[in-house]
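S.K.: Input: one structure, supplied below.
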Amino acid sequence: MVYVVIGVIVLIVVLIVIFFISSYNGLISLRNGVRNQRSQIDVELKRRFDLVPNLVETVKGYANHEKAALEDVIKARNSYVSAGTDTAKALAADSALEGALSKLFALSESYPDLKANANFSKLQSELSDIEKRIVFARQFYNDSVMKINNKVEMFPSNIVAGMFRFETEPFFEAAAPERENVQVSF
């Protein structure tokens, strides 16, 4: 009888240890997945920001007096470069660049020669492809965030998460200007 009780106690302890180890390793795996997805977004954002100087130089030749739009694009790119590993600053710079680029492309409508320029068209096409990859990277990032946040917040894995100070991760969310309706005027 004593051996049965000791056996049951040992079995319970072993099961608890296995639970803690598997929960901890699962949380580590999910956290690393979020970090990986965040770095994928950074790779695509960097690719886009590296394309910007070429785009600006192409536009300069046609729209030299449209300095404000060009300066906004350059300023947003520099903000991204200076953000380093600060994801929040990088995402803010990304949002600023999206607005600046939309103004820049709106300018191209005023300059038919620019719109017809092969280099500009190529850069615009590359940028469009990068934008698609950024969208997918953000989607995968948010999926990864949802998985780790569920583990951190749901019972019983929240016990292990609390013990080892795992925290929920922020979702990538569109900035306020991106949520507004597009204003088109002729």
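Chain labels follow the order of the structure tokens: the first chain is A, the next B, and so on; residue numbering restarts at 1 in every chain, and ligands are counted from 1 in their shown order.
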Would you mind listing what lies within 10 Å of A:Phe140 as a ChimeraX atom specification, with only C-alpha atoms counted and same-chain residues fewer than 5 positions away left out?

M.R.: /A:33-34,36-38,40-41,134-135,145-146

S.K.: Go ahead and write the residues just picked, N, CA and C atoms, as a JSON list (two decimals), in the first residue's frame.

M.R.:
```json
[["chain", "number", "residue", "atom", "x", "y", "z"],
["A", 33, "GLY", "N", 9.20, 32.23, -32.62],
["A", 33, "GLY", "CA", 8.44, 32.39, -33.85],
["A", 33, "GLY", "C", 8.02, 33.83, -34.07],
["A", 34, "VAL", "N", 7.60, 34.49, -32.99],
["A", 34, "VAL", "CA", 7.22, 35.91, -33.09],
["A", 34, "VAL", "C", 8.45, 36.74, -33.46],
["A", 36, "ASN", "N", 11.05, 35.77, -35.09],
["A", 36, "ASN", "CA", 11.38, 35.47, -36.48],
["A", 36, "ASN", "C", 10.45, 36.24, -37.42],
["A", 37, "GLN", "N", 9.17, 36.23, -37.13],
["A", 37, "GLN", "CA", 8.23, 36.95, -37.99],
["A", 37, "GLN", "C", 8.47, 38.45, -37.96],
["A", 38, "ARG", "N", 8.83, 38.98, -36.79],
["A", 38, "ARG", "CA", 9.14, 40.41, -36.69],
["A", 38, "ARG", "C", 10.36, 40.72, -37.56],
["A", 40, "GLN", "N", 11.24, 39.12, -40.21],
["A", 40, "GLN", "CA", 10.83, 39.04, -41.61],
["A", 40, "GLN", "C", 10.20, 40.36, -42.07],
["A", 41, "ILE", "N", 9.42, 40.97, -41.19],
["A", 41, "ILE", "CA", 8.85, 42.29, -41.51],
["A", 41, "ILE", "C", 9.99, 43.29, -41.69],
["A", 134, "ILE", "N", 5.32, 42.55, -47.55],
["A", 134, "ILE", "CA", 5.16, 43.14, -46.22],
["A", 134, "ILE", "C", 3.80, 42.76, -45.63],
["A", 135, "VAL", "N", 2.77, 42.80, -46.45],
["A", 135, "VAL", "CA", 1.44, 42.43, -45.99],
["A", 135, "VAL", "C", 1.44, 40.99, -45.49],
["A", 145, "VAL", "N", 1.83, 36.03, -33.06],
["A", 145, "VAL", "CA", 1.50, 36.75, -31.83],
["A", 145, "VAL", "C", 0.25, 36.16, -31.19],
["A", 146, "MET", "N", -0.74, 35.85, -32.01],
["A", 146, "MET", "CA", -1.96, 35.27, -31.47],
["A", 146, "MET", "C", -1.67, 33.94, -30.75]]
```

S.K.: From the list A:Val160, A:Leu30, A:Leu104, A:Val14, which residue is nearest A:Lys147 when using only C-alpha atoms?

M.R.: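 Residue with the minimum atom-to-atom distance to A:Lys147: A:Leu30.
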
S.K.: Just want the 8 Å neighbourhood of stretch 122-131 of chain A, counted on only C-alpha atoms, with same-chain residues fewer than 5 positions away dropped. Output as an mmCIF file with N, CA and C atoms, in the first residue's frame.

M.R.:
```
data_model
loop_
_atom_site.group_PDB
_atom_site.id
_atom_site.type_symbol
_atom_site.label_atom_id
_atom_site.label_comp_id
_atom_site.auth_asym_id
_atom_site.auth_seq_id
_atom_site.Cartn_x
_atom_site.Cartn_y
_atom_site.Cartn_z
ATOM 1 N N GLU A 44 11.682 42.982 -45.073
ATOM 2 C CA GLU A 44 10.903 43.571 -46.168
ATOM 3 C C GLU A 44 10.870 45.096 -46.076
ATOM 4 N N ARG A 47 14.126 46.352 -47.317
ATOM 5 C CA ARG A 47 14.152 46.252 -48.779
ATOM 6 C C ARG A 47 13.418 47.445 -49.394
ATOM 7 N N ARG A 48 12.269 47.775 -48.799
ATOM 8 C CA ARG A 48 11.503 48.912 -49.307
ATOM 9 C C ARG A 48 12.266 50.211 -49.085
ATOM 10 N N LEU A 51 14.979 50.813 -51.505
ATOM 11 C CA LEU A 51 14.492 51.162 -52.838
ATOM 12 C C LEU A 51 14.161 52.652 -52.944
ATOM 13 N N ASN A 54 16.467 55.359 -54.818
ATOM 14 C CA ASN A 54 16.391 55.261 -56.278
ATOM 15 C C ASN A 54 15.113 55.906 -56.802
ATOM 16 N N LEU A 55 14.037 55.669 -56.093
ATOM 17 C CA LEU A 55 12.753 56.249 -56.481
ATOM 18 C C LEU A 55 12.800 57.774 -56.396
#
```

S.K.: Between atom CA of A:Val73 and atom CA of A:Pro170, measure the distance and give it in Å to one decimal.

M.R.: 26.5 Å

S.K.: Where in chain A does DSSP assign helix (DSSP H, G or I), given as a PyMOL selection string?

M.R.: chain A and resi 2-60+67-83+87-108+112-116+118-153+157-163+176-179

S.K.: Could you please determine the separation between atom CA of A:Leu101 and atom CA of A:Gln139 in Å, to one decimal place?

M.R.: 21.7 Å

S.K.: So, counting only C-alpha atoms, which residue among A:Ile9, A:Ala69, A:Leu45, A:Val52 is closest to A:Ala92?

M.R.: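 The closest residue to A:Ala92 is A:Leu45.
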
S.K.: Atom CA of A:Ala76 to atom CA of A:Lys46: how many Å, to one decimal?

M.R.: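 Between atom CA of A:Ala76 and atom CA of A:Lys46 the gap works out to 12.1 Å.
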
S.K.: For A:Asn25, work out the shell of residues within 12 Å, counting only C-alpha atoms and skipping chain neighbours fewer than 3 positions away, then give it as a list in words.

M.R.: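 Non-adjacent residues within range: Ile18, Phe19, Phe20, Ile21, Ser22, Ile28, Ser29, Leu30, Arg31, Asn32, Ile148, Lys151, Ser157, Val160, Ala161, Phe164 and Phe166 of chain A.
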
S.K.: Pick the closest to A:Ala83 from A:Asp42, A:Asp50, A:Glu173, A:Glu98: which is it, counting only C-alpha atoms?

M.R.: A:Asp42
